[in-house]
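The next block is model.cif, given as mmCIF, C-alpha atoms (C1' of nucleotides).
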data_data
#
loop_
_atom_site.label_atom_id
_atom_site.label_comp_id
_atom_site.auth_asym_id
_atom_site.auth_seq_id
_atom_site.Cartn_x
_atom_site.Cartn_y
_atom_site.Cartn_z
CA MET A 1 -15.45 -7.45 -29.35
CA ARG A 2 -18.75 -8.74 -28.16
CA THR A 3 -18.93 -11.58 -25.64
CA SER A 4 -16.00 -10.23 -23.62
CA ASP A 5 -16.77 -8.75 -20.22
CA LYS A 6 -14.77 -5.53 -20.19
CA HIS A 7 -15.39 -4.91 -16.51
CA THR A 8 -13.77 -8.21 -15.59
CA LYS A 9 -10.95 -7.78 -18.09
CA ILE A 10 -10.10 -4.38 -16.60
CA ILE A 11 -10.19 -5.67 -13.03
CA GLU A 12 -7.89 -8.54 -13.94
CA ALA A 13 -5.51 -6.23 -15.75
CA ALA A 14 -5.52 -3.87 -12.78
CA ILE A 15 -4.55 -6.70 -10.42
CA THR A 16 -1.58 -7.51 -12.62
CA VAL A 17 -0.47 -3.91 -13.00
CA PHE A 18 -1.03 -2.88 -9.38
CA ALA A 19 0.90 -5.94 -8.26
CA ARG A 20 3.78 -5.06 -10.54
CA LYS A 21 4.02 -1.32 -9.90
CA GLY A 22 1.85 -0.49 -6.92
CA PHE A 23 -1.25 1.65 -7.09
CA PHE A 24 0.36 5.05 -7.34
CA SER A 25 2.99 4.16 -9.89
CA ALA A 26 0.54 2.27 -12.07
CA ARG A 27 -0.68 4.31 -15.01
CA ILE A 28 -4.18 4.07 -16.40
CA SER A 29 -2.60 3.49 -19.79
CA ASP A 30 -0.73 0.48 -18.35
CA ILE A 31 -3.99 -1.04 -17.24
CA ALA A 32 -5.64 -0.22 -20.55
CA LYS A 33 -2.82 -1.83 -22.48
CA GLU A 34 -2.88 -4.93 -20.26
CA ALA A 35 -6.64 -5.20 -20.71
CA GLN A 36 -6.33 -4.59 -24.47
CA VAL A 37 -8.68 -1.67 -24.25
CA ALA A 38 -8.42 2.04 -24.93
CA ASP A 39 -7.64 4.40 -22.05
CA GLY A 40 -11.03 6.01 -22.32
CA THR A 41 -12.88 2.72 -22.17
CA ILE A 42 -11.83 2.32 -18.58
CA TYR A 43 -13.88 5.39 -17.68
CA LEU A 44 -16.99 3.77 -19.13
CA TYR A 45 -16.73 1.11 -16.43
CA PHE A 46 -15.10 2.94 -13.53
CA ASN A 47 -15.31 6.47 -12.21
CA ASN A 48 -11.61 6.89 -11.63
CA LYS A 49 -8.42 5.13 -10.63
CA TYR A 50 -9.44 4.72 -6.96
CA ASP A 51 -12.70 3.23 -8.03
CA ILE A 52 -10.87 0.43 -9.83
CA LEU A 53 -8.98 -0.37 -6.64
CA ILE A 54 -12.06 -0.32 -4.45
CA SER A 55 -14.08 -2.46 -6.86
CA LEU A 56 -11.19 -4.89 -6.99
CA PHE A 57 -11.18 -5.14 -3.19
CA GLU A 58 -14.88 -5.63 -2.85
CA GLU A 59 -15.26 -8.18 -5.59
CA GLU A 60 -12.20 -10.30 -4.91
CA ILE A 61 -12.49 -10.36 -1.13
CA GLY A 62 -16.17 -11.09 -1.61
CA LYS A 63 -15.33 -14.26 -3.49
CA ILE A 64 -12.82 -15.30 -0.84
CA ILE A 65 -15.33 -14.83 1.96
CA LEU A 66 -17.85 -17.02 0.19
CA GLU A 67 -15.30 -19.79 -0.20
CA VAL A 68 -14.15 -19.62 3.41
CA LYS A 69 -17.63 -19.53 4.87
CA LEU A 70 -18.53 -22.58 2.82
CA LEU A 71 -15.48 -24.42 4.15
CA MET A 72 -16.33 -23.45 7.72
CA GLU A 73 -19.86 -24.80 7.43
CA LYS A 74 -18.46 -28.26 6.78
CA GLU A 75 -16.50 -28.26 10.04
CA SER A 76 -17.59 -28.21 13.65
CA ASP A 77 -14.38 -28.57 15.68
CA PRO A 78 -12.98 -25.08 16.33
CA ARG A 79 -9.44 -26.44 16.19
CA SER A 80 -9.93 -27.90 12.70
CA MET A 81 -11.62 -24.70 11.67
CA LEU A 82 -8.55 -22.68 12.57
CA GLN A 83 -6.32 -25.13 10.75
CA ILE A 84 -8.43 -25.01 7.65
CA PHE A 85 -8.65 -21.23 7.74
CA ALA A 86 -4.87 -20.99 8.00
CA LEU A 87 -4.21 -23.43 5.20
CA HIS A 88 -6.81 -21.90 2.93
CA HIS A 89 -5.53 -18.38 3.52
CA MET A 90 -1.98 -19.30 2.75
CA GLN A 91 -2.80 -21.40 -0.29
CA LEU A 92 -4.73 -18.47 -1.63
CA MET A 93 -1.66 -16.29 -1.36
CA GLU A 94 0.32 -18.89 -3.23
CA GLU A 95 -2.21 -19.48 -5.98
CA LYS A 96 -3.14 -15.87 -6.54
CA ARG A 97 0.15 -14.13 -5.99
CA GLU A 98 -0.74 -10.96 -7.80
CA LEU A 99 -4.03 -10.53 -6.01
CA ALA A 100 -2.30 -11.29 -2.74
CA GLU A 101 0.28 -8.60 -3.30
CA VAL A 102 -2.31 -6.02 -4.11
CA LEU A 103 -4.48 -6.85 -1.13
CA GLN A 104 -1.57 -6.92 1.29
CA MET A 105 0.06 -3.74 0.13
CA GLU A 106 -2.77 -1.51 -0.80
CA LEU A 107 -4.95 -2.58 2.09
CA ARG A 108 -2.54 -0.82 4.41
CA GLN A 109 -2.14 2.16 2.22
CA SER A 110 -5.78 2.55 1.41
CA ASN A 111 -6.87 4.29 4.58
CA LYS A 112 -4.54 7.13 3.78
CA PHE A 113 -5.85 8.27 0.46
CA MET A 114 -9.44 7.24 0.88
CA LYS A 115 -10.33 8.48 4.32
CA GLU A 116 -13.98 7.82 3.79
CA TYR A 117 -13.59 4.22 2.61
CA ARG A 118 -14.09 1.62 5.34
CA ASN A 119 -13.07 -1.78 4.14
CA THR A 120 -16.04 -3.68 5.49
CA LYS A 121 -15.40 -6.74 3.34
CA PHE A 122 -12.00 -7.14 4.87
CA ILE A 123 -13.40 -6.81 8.39
CA GLU A 124 -15.96 -9.47 7.54
CA TYR A 125 -13.18 -11.82 6.47
CA VAL A 126 -11.15 -11.41 9.65
CA ASP A 127 -14.26 -11.75 11.75
CA VAL A 128 -14.55 -15.35 10.59
CA VAL A 129 -11.64 -15.98 12.96
CA SER A 130 -13.17 -14.26 15.97
CA ALA A 131 -16.34 -16.27 15.41
CA ILE A 132 -14.30 -19.48 15.60
CA ILE A 133 -12.70 -18.35 18.86
CA HIS A 134 -16.06 -17.47 20.32
CA LYS A 135 -17.41 -20.89 19.42
CA GLY A 136 -14.34 -22.58 20.91
CA GLN A 137 -14.75 -20.63 24.14
CA GLU A 138 -18.41 -21.54 24.45
CA GLU A 139 -17.57 -25.19 23.98
CA GLY A 140 -14.88 -24.90 26.65
CA VAL A 141 -12.11 -25.86 24.24
CA PHE A 142 -10.38 -22.48 24.24
CA ARG A 143 -9.46 -20.39 27.27
CA LYS A 144 -12.16 -17.98 28.36
CA SER A 145 -9.56 -15.32 29.12
CA LEU A 146 -8.74 -14.90 25.43
CA LEU A 147 -9.81 -11.64 23.84
CA PRO A 148 -11.27 -12.66 20.46
CA GLY A 149 -10.56 -9.17 19.11
CA VAL A 150 -6.88 -9.56 19.90
CA PHE A 151 -6.71 -13.13 18.70
CA LYS A 152 -8.23 -12.52 15.30
CA ARG A 153 -5.70 -9.80 14.55
CA ALA A 154 -2.78 -11.80 15.85
CA PHE A 155 -3.75 -14.91 13.92
CA PHE A 156 -4.47 -13.03 10.73
CA GLY A 157 -1.29 -10.98 11.11
CA ALA A 158 0.80 -14.09 11.58
CA LEU A 159 -0.60 -15.75 8.47
CA ASP A 160 -0.45 -12.63 6.40
CA GLU A 161 3.09 -11.63 7.24
CA THR A 162 4.38 -15.15 6.76
CA SER A 163 2.73 -15.57 3.38
CA ARG A 164 3.80 -12.08 2.34
CA LEU A 165 7.42 -12.93 2.90
CA TRP A 166 7.04 -16.35 1.38
CA VAL A 167 5.75 -14.77 -1.82
CA LEU A 168 8.54 -12.21 -1.88
CA SER A 169 11.51 -14.42 -1.23
CA PRO A 170 12.80 -16.45 -4.13
CA ASP A 171 14.16 -19.46 -2.20
CA HIS A 172 11.73 -21.29 0.04
CA THR A 173 13.09 -23.26 2.95
CA TYR A 174 9.58 -24.35 3.81
CA THR A 175 6.30 -24.94 1.98
CA ILE A 176 3.12 -22.97 2.35
CA ALA A 177 1.43 -26.00 3.89
CA GLU A 178 4.22 -26.44 6.45
CA ALA A 179 4.03 -22.81 7.46
CA ALA A 180 0.24 -22.95 7.79
CA GLN A 181 0.56 -26.10 9.89
CA GLN A 182 3.18 -24.62 12.19
CA ILE A 183 1.24 -21.43 12.72
CA SER A 184 -2.05 -23.10 13.47
CA ASP A 185 -0.29 -25.60 15.75
CA ILE A 186 1.34 -22.81 17.72
CA PHE A 187 -1.86 -20.86 18.09
CA ILE A 188 -4.05 -23.84 18.89
CA SER A 189 -1.82 -25.35 21.53
CA GLY A 190 -1.29 -21.82 22.84
CA ILE A 191 -4.96 -21.20 23.51
CA MET A 192 -6.28 -24.50 24.82
CA ALA A 193 -8.28 -24.38 28.02
CA GLU A 194 -6.79 -26.02 31.14
CA GLY A 195 -7.29 -29.74 31.20
CA GLN A 196 -7.97 -30.04 27.47
CA ALA A 197 -5.83 -32.39 25.40
CA MET B 1 19.57 29.32 12.05
CA ARG B 2 22.48 27.52 13.61
CA THR B 3 21.89 25.16 16.53
CA SER B 4 19.01 23.54 14.68
CA ASP B 5 19.82 20.34 12.87
CA LYS B 6 17.94 20.67 9.59
CA HIS B 7 18.48 17.04 8.69
CA THR B 8 16.68 15.93 11.83
CA LYS B 9 13.98 18.56 11.50
CA ILE B 10 13.23 17.39 7.97
CA ILE B 11 13.12 13.73 8.96
CA GLU B 12 10.74 14.50 11.80
CA ALA B 13 8.55 16.58 9.55
CA ALA B 14 8.54 13.81 6.97
CA ILE B 15 7.37 11.29 9.56
CA THR B 16 4.45 13.53 10.43
CA VAL B 17 3.50 14.23 6.83
CA PHE B 18 3.97 10.68 5.54
CA ALA B 19 1.88 9.40 8.44
CA ARG B 20 -0.88 11.84 7.61
CA LYS B 21 -0.97 11.48 3.84
CA GLY B 22 1.15 8.51 2.87
CA PHE B 23 4.33 8.75 0.85
CA PHE B 24 2.83 9.35 -2.57
CA SER B 25 0.25 11.89 -1.58
CA ALA B 26 2.72 13.83 0.55
CA ARG B 27 4.13 16.86 -1.20
CA ILE B 28 7.65 18.10 -0.71
CA SER B 29 6.18 21.49 0.07
CA ASP B 30 4.14 19.89 2.88
CA ILE B 31 7.29 18.54 4.43
CA ALA B 32 9.09 21.84 3.95
CA LYS B 33 6.28 23.75 5.62
CA GLU B 34 6.11 21.29 8.50
CA ALA B 35 9.88 21.55 8.98
CA GLN B 36 9.71 25.35 8.66
CA VAL B 37 12.18 25.30 5.82
CA ALA B 38 12.11 26.28 2.16
CA ASP B 39 11.33 23.64 -0.44
CA GLY B 40 14.81 23.90 -1.91
CA THR B 41 16.50 23.42 1.45
CA ILE B 42 15.29 19.83 1.52
CA TYR B 43 17.44 19.12 -1.54
CA LEU B 44 20.52 20.32 0.32
CA TYR B 45 20.07 17.42 2.73
CA PHE B 46 18.42 14.73 0.61
CA ASN B 47 18.76 13.71 -3.01
CA ASN B 48 15.06 13.29 -3.64
CA LYS B 49 11.78 12.28 -2.08
CA TYR B 50 12.64 8.56 -1.93
CA ASP B 51 15.87 9.38 -0.22
CA ILE B 52 13.98 11.01 2.64
CA LEU B 53 11.94 7.84 3.12
CA ILE B 54 14.95 5.54 3.01
CA SER B 55 16.96 7.70 5.42
CA LEU B 56 13.97 7.76 7.71
CA PHE B 57 13.81 3.94 7.67
CA GLU B 58 17.47 3.42 8.28
CA GLU B 59 17.84 5.96 11.05
CA GLU B 60 14.68 5.23 12.99
CA ILE B 61 14.81 1.45 12.75
CA GLY B 62 18.48 1.72 13.68
CA LYS B 63 17.57 3.41 16.94
CA ILE B 64 14.92 0.79 17.68
CA ILE B 65 17.34 -2.08 17.08
CA LEU B 66 19.84 -0.56 19.50
CA GLU B 67 17.17 -0.27 22.19
CA VAL B 68 15.90 -3.81 21.69
CA LYS B 69 19.30 -5.42 21.64
CA LEU B 70 20.16 -3.63 24.87
CA LEU B 71 16.99 -4.97 26.48
CA MET B 72 17.74 -8.49 25.28
CA GLU B 73 21.21 -8.45 26.77
CA LYS B 74 19.71 -7.98 30.21
CA GLU B 75 17.63 -11.15 29.90
CA SER B 76 18.57 -14.78 29.60
CA ASP B 77 15.29 -16.71 29.71
CA PRO B 78 14.00 -17.05 26.11
CA ARG B 79 10.41 -16.84 27.34
CA SER B 80 10.99 -13.52 29.07
CA MET B 81 12.85 -12.31 26.04
CA LEU B 82 9.82 -12.93 23.83
CA GLN B 83 7.56 -11.23 26.33
CA ILE B 84 9.80 -8.21 26.54
CA PHE B 85 10.17 -8.01 22.77
CA ALA B 86 6.40 -8.11 22.37
CA LEU B 87 5.74 -5.47 24.99
CA HIS B 88 8.49 -3.21 23.73
CA HIS B 89 7.34 -3.48 20.14
CA MET B 90 3.79 -2.64 20.96
CA GLN B 91 4.63 0.20 23.34
CA LEU B 92 6.74 1.67 20.58
CA MET B 93 3.74 1.69 18.28
CA GLU B 94 1.73 3.45 20.96
CA GLU B 95 4.36 6.04 21.87
CA LYS B 96 5.47 6.81 18.33
CA ARG B 97 2.22 6.52 16.44
CA GLU B 98 3.31 8.53 13.45
CA LEU B 99 6.55 6.65 13.01
CA ALA B 100 4.67 3.39 13.46
CA GLU B 101 2.21 4.26 10.73
CA VAL B 102 4.94 5.18 8.30
CA LEU B 103 6.97 2.06 8.99
CA GLN B 104 3.97 -0.24 8.75
CA MET B 105 2.55 1.24 5.59
CA GLU B 106 5.56 2.15 3.56
CA LEU B 107 7.51 -0.94 4.51
CA ARG B 108 5.05 -2.95 2.46
CA GLN B 109 4.91 -0.50 -0.35
CA SER B 110 8.61 0.15 -0.53
CA ASN B 111 9.62 -2.90 -2.53
CA LYS B 112 7.45 -1.78 -5.37
CA PHE B 113 8.92 1.59 -6.15
CA MET B 114 12.45 0.96 -5.03
CA LYS B 115 13.29 -2.38 -6.53
CA GLU B 116 16.94 -2.07 -5.67
CA TYR B 117 16.43 -1.19 -2.02
CA ARG B 118 16.68 -4.12 0.38
CA ASN B 119 15.56 -3.15 3.83
CA THR B 120 18.39 -4.76 5.72
CA LYS B 121 17.70 -2.83 8.92
CA PHE B 122 14.22 -4.24 9.08
CA ILE B 123 15.49 -7.78 8.52
CA GLU B 124 17.96 -7.24 11.34
CA TYR B 125 15.13 -6.23 13.65
CA VAL B 126 12.99 -9.28 12.94
CA ASP B 127 16.02 -11.53 13.23
CA VAL B 128 16.19 -10.65 16.91
CA VAL B 129 13.16 -12.93 17.25
CA SER B 130 14.64 -15.87 15.36
CA ALA B 131 17.76 -15.59 17.53
CA ILE B 132 15.58 -15.93 20.62
CA ILE B 133 13.90 -19.04 19.19
CA HIS B 134 17.23 -20.56 18.33
CA LYS B 135 18.48 -19.99 21.86
CA GLY B 136 15.31 -21.47 23.32
CA GLN B 137 15.64 -24.54 21.13
CA GLU B 138 19.27 -25.07 22.14
CA GLU B 139 18.30 -24.85 25.80
CA GLY B 140 15.54 -27.38 25.20
CA VAL B 141 12.81 -24.95 26.25
CA PHE B 142 11.21 -24.62 22.82
CA ARG B 143 10.27 -27.42 20.46
CA LYS B 144 13.02 -28.45 18.08
CA SER B 145 10.50 -28.90 15.27
CA LEU B 146 9.83 -25.16 15.09
CA LEU B 147 11.09 -23.37 12.00
CA PRO B 148 12.63 -20.16 13.35
CA GLY B 149 12.13 -18.52 9.96
CA VAL B 150 8.39 -19.16 10.13
CA PHE B 151 8.13 -18.25 13.78
CA LYS B 152 9.81 -14.87 13.50
CA ARG B 153 7.43 -13.82 10.74
CA ALA B 154 4.39 -15.15 12.52
CA PHE B 155 5.31 -13.50 15.81
CA PHE B 156 6.23 -10.20 14.22
CA GLY B 157 3.14 -10.30 12.02
CA ALA B 158 0.88 -10.92 15.00
CA LEU B 159 2.34 -8.01 16.96
CA ASP B 160 2.39 -5.70 14.00
CA GLU B 161 -1.13 -6.31 12.80
CA THR B 162 -2.56 -6.06 16.30
CA SER B 163 -0.80 -2.78 17.04
CA ARG B 164 -1.68 -1.45 13.59
CA LEU B 165 -5.34 -1.92 14.25
CA TRP B 166 -5.06 -0.67 17.81
CA VAL B 167 -3.57 2.56 16.56
CA LEU B 168 -6.25 2.95 13.87
CA SER B 169 -9.34 2.26 15.91
CA PRO B 170 -10.61 5.03 18.12
CA ASP B 171 -12.14 2.96 20.92
CA HIS B 172 -9.89 0.48 22.66
CA THR B 173 -11.45 -2.49 24.37
CA TYR B 174 -8.01 -3.59 25.52
CA THR B 175 -4.69 -1.94 26.35
CA ILE B 176 -1.46 -2.32 24.47
CA ALA B 177 0.04 -4.13 27.44
CA GLU B 178 -2.85 -6.59 27.58
CA ALA B 179 -2.55 -7.34 23.90
CA ALA B 180 1.21 -7.84 24.14
CA GLN B 181 0.69 -10.14 27.12
CA GLN B 182 -1.95 -12.23 25.35
CA ILE B 183 0.09 -12.60 22.22
CA SER B 184 3.30 -13.60 23.94
CA ASP B 185 1.33 -15.98 26.20
CA ILE B 186 -0.25 -17.68 23.20
CA PHE B 187 3.02 -18.02 21.36
CA ILE B 188 5.04 -19.13 24.35
CA SER B 189 2.66 -21.80 25.56
CA GLY B 190 2.23 -22.80 21.93
CA ILE B 191 5.88 -23.55 21.38
CA MET B 192 7.03 -25.17 24.63
CA ALA B 193 8.89 -28.43 24.34
CA GLU B 194 7.19 -31.58 25.67
CA GLY B 195 7.52 -31.96 29.41
CA GLN B 196 8.34 -28.30 30.02
CA ALA B 197 6.18 -26.31 32.46
"C1'" DA C 1 35.40 39.72 1.24
"C1'" DT C 2 34.58 35.04 0.75
"C1'" DC C 3 32.31 31.00 1.57
"C1'" DT C 4 28.37 28.51 3.14
"C1'" DT C 5 23.67 27.88 3.68
"C1'" DA C 6 18.95 29.01 2.55
"C1'" DT C 7 15.24 30.69 -0.33
"C1'" DG C 8 11.10 30.16 -3.32
"C1'" DA C 9 9.67 31.34 -7.95
"C1'" DA C 10 10.08 29.15 -12.35
"C1'" DT C 11 10.54 25.01 -15.04
"C1'" DG C 12 9.40 20.73 -16.98
"C1'" DT C 13 7.54 16.34 -16.81
"C1'" DG C 14 4.17 12.85 -16.16
"C1'" DT C 15 -0.28 11.31 -16.33
"C1'" DA C 16 -5.45 11.29 -14.93
"C1'" DT C 17 -9.30 12.54 -17.21
"C1'" DT C 18 -12.16 14.44 -21.01
"C1'" DC C 19 -14.65 14.51 -25.22
"C1'" DA C 20 -15.13 14.94 -30.26
"C1'" DT C 21 -15.03 11.41 -33.49
"C1'" DT C 22 -15.38 6.65 -35.41
"C1'" DC C 23 -17.82 2.63 -36.69
"C1'" DA C 24 -20.11 -1.79 -36.00
"C1'" DT C 25 -24.91 -3.01 -34.89
"C1'" DT C 26 -29.58 -2.40 -34.54
"C1'" DT C 27 -33.87 -0.25 -35.76
"C1'" DT C 28 -36.81 2.06 -38.86
"C1'" DT C 29 -38.40 3.34 -43.36
"C1'" DT C 30 -39.31 2.51 -48.17
"C1'" DA D 1 -35.15 -7.01 -49.04
"C1'" DA D 2 -32.47 -3.05 -49.38
"C1'" DA D 3 -31.41 1.47 -47.91
"C1'" DA D 4 -31.33 5.00 -44.45
"C1'" DA D 5 -31.10 6.54 -39.85
"C1'" DA D 6 -30.06 6.01 -35.07
"C1'" DT D 7 -27.45 4.20 -31.37
"C1'" DG D 8 -23.88 3.92 -28.09
"C1'" DA D 9 -19.62 1.42 -27.14
"C1'" DA D 10 -14.97 2.29 -28.00
"C1'" DT D 11 -11.21 5.15 -29.15
"C1'" DG D 12 -6.99 7.98 -28.30
"C1'" DA D 13 -5.34 12.63 -29.04
"C1'" DA D 14 -5.75 16.83 -26.51
"C1'" DT D 15 -6.23 19.05 -22.08
"C1'" DA D 16 -5.24 20.46 -17.66
"C1'" DC D 17 -3.00 20.29 -13.61
"C1'" DA D 18 -0.20 18.80 -9.87
"C1'" DC D 19 4.19 18.72 -8.02
"C1'" DA D 20 9.31 17.20 -7.87
"C1'" DT D 21 13.28 19.41 -8.86
"C1'" DT D 22 16.35 23.29 -10.24
"C1'" DC D 23 18.85 27.48 -9.86
"C1'" DA D 24 19.57 32.45 -9.78
"C1'" DT D 25 19.62 35.21 -5.91
"C1'" DA D 26 19.83 36.50 -0.99
"C1'" DA D 27 21.15 36.07 3.79
"C1'" DG D 28 24.31 34.67 7.19
"C1'" DA D 29 28.65 33.14 8.99
"C1'" DT D 30 33.68 33.56 9.52
#
For the file at hand, write its structure as structure tokens.
Amino acid sequence: MRTSDKHTKIIEAAITVFARKGFFSARISDIAKEAQVADGTIYLYFNNKYDILISLFEEEIGKIILEVKLLMEKESDPRSMLQIFALHHMQLMEEKRELAEVLQMELRQSNKFMKEYRNTKFIEYVDVVSAIIHKGQEEGVFRKSLLPGVFKRAFFGALDETSRLWVLSPDHTYTIAEAAQQISDIFISGIMAEGQA
Amino acid sequence: MRTSDKHTKIIEAAITVFARKGFFSARISDIAKEAQVADGTIYLYFNNKYDILISLFEEEIGKIILEVKLLMEKESDPRSMLQIFALHHMQLMEEKRELAEVLQMELRQSNKFMKEYRNTKFIEYVDVVSAIIHKGQEEGVFRKSLLPGVFKRAFFGALDETSRLWVLSPDHTYTIAEAAQQISDIFISGIMAEGQA
DNA sequence: ATCTTATGAATGTGTATTCATTCATTTTTT
DNA sequence: AAAAAATGAATGAATACACATTCATAAGAT
């Protein structure tokens, strides 16, 4: 049992179990079994059940942010940046279904049972979008009247809700890429400055 | 103790308590206290804790659907219909904060712990949007290439996420009406058919 | 007097967390 | 080089507690 990172194994097991049952219905023993570890071992790596969830958030969203920021650095046109953000976000939901479910569901719930916990990683992720809008406005591509704070939520909400339902429903009348394309098209042509193509 | 509808009192209390603590952390005794009723009385009106949540969904979303459909009947321009839907949805979130929080949070969670329960009322609500798109496409106002199934999710998601955050954050840099206006503007000008104003 | 509605203490279950014990490795002693 | 001692990661049975649900009893209505 050397050479196996228990911390990572537990986090991965927790993603699977939380996705299947939800945080509250998930039992520590479920996670332990999934991770092939004793119940008590979990408490050597995490303080309690909440702590597993929070660590999971921080670490996984952290990775996503790194990826996205890297992608954004390679682009300069704000329109392409939005398109790429949309596609990347939705592909992520497709490729990492379990993680997606946990993030989408428990993110909402989390404020309730962890009053003190402010999900700063998540804010950082969504702020990538407002930064794009800001850039687009400065370059005169996007309307100045747009409120970046409204836009980032609307754009993220649109992507998130669409991918959430896509993951849930068994029969897909459209692909993830099509949906991402449609959504970024709508938003981009909806926010162009006057006189821009 | 006549003249007071216990069923309604319990539902209202449950909205308050679920909003404050979330479904899982809410205790039956909390709801009973809030409704000024004994713990056991709740079981005269509901089968169990889940049943309270489901009844709450059905009844409250039912009322909202009635309101919205009435509003839609008074309009004929698909663009105005989207605007009105957006404004109405967001005002609802402002006026009925507690209900909004419960619907937004538990709606996501609900699939997990009630596998059998399909939230048909909620689907009916969102389908109001796809009906508008369909109408707009038939009249040649909206692009034919739009997938109504994608649009309804994107539009609803945008409104929902924006209002969710508006309700959570203490300092508002914009009003609900402004946000609703911006979002419907973006979507409408983003989906117009070629050659339309 | 009977039926309906309401009460809240008691019950029972589920499960998060603890902690005494095990045992494979590593370190020290001879 | 072998034996003895120390270490601490891992275990999982035992604990402790929270809380949904029940039900014997009471209050109110007709």
Exercise. Hey, can you check how far CA of Pro148 in chain A sits from CA of Ser130 in chain A?
Worked result: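 Distance reported for this atom pair: 5.1 Å.
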For this session: Measure the distance from CA of Thr16 in chain A to CA of Asn119 in chain A in Å and round it to one decimal.
Result: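 These atoms are spaced 21.1 Å apart.
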Give one line per residue of chain D that approaches chain A to at most 12 Å, naming the two atoms of the closest pair and their distance in Å to one decimal, counting only C-alpha atoms (C1' of nucleotides); sort by chain then ascending residue number and deliver it as a Markdown table.
| residue | atom | partner | partner_atom | distance |
| --- | --- | --- | --- | --- |
| D:DG8 | C1' | A:Leu44 | CA | 11.3 |
| D:DA9 | C1' | A:Thr41 | CA | 8.5 |
| D:DA10 | C1' | A:Thr41 | CA | 6.2 |
| D:DT11 | C1' | A:Ala38 | CA | 5.9 |
| D:DG12 | C1' | A:Ala38 | CA | 7.0 |
| D:DA13 | C1' | A:Gly40 | CA | 11.0 |
For this session: Considering only C-alpha atoms (C1' of nucleotides), extract the chain A residues located within 10 Å of chain C and return them as a VMD selection string.
Result: chain A and resid 1 27 to 29 39 to 40 43 47 to 49
Exercise. What residues in chain B have any atom no more than 7 Å from chain A when counting only C-alpha atoms, and can you write them as a PyMOL selection string?
Worked result: chain B and resi 21-22+24+105+108-109+112-113+150+153-155+157-159+161-162+179+186-187+189-191
Problem set entry | Two-atom distance - CA of Lys74 in chain A, CA of Glu58 in chain A (Å) | 24.9 Å
Exercise. Which is closest to Ala86 in chain A among A:Lys63, A:Ile52, A:Ala100, A:Val129, if we use all atoms listed in the file?
Worked result: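 That would be A:Val129, the residue with the smallest distance to Ala86 in chain A.
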For this session: I would like the residues chosen by the PyMOL selection byres ((chain A and resi 125) around 9) on the shown file; could you give them as a PyMOL selection string?
Result: chain A and resi 61-62+64-65+68+120-124+126-129
Exercise. Evaluating the PyMOL selection byres ((chain A and resi 56) around 10) on the displayed file yields which residues, as a ChimeraX atom specification?
Worked result: /A:8,10-12,14-15,50-55,57-62,99,102-103
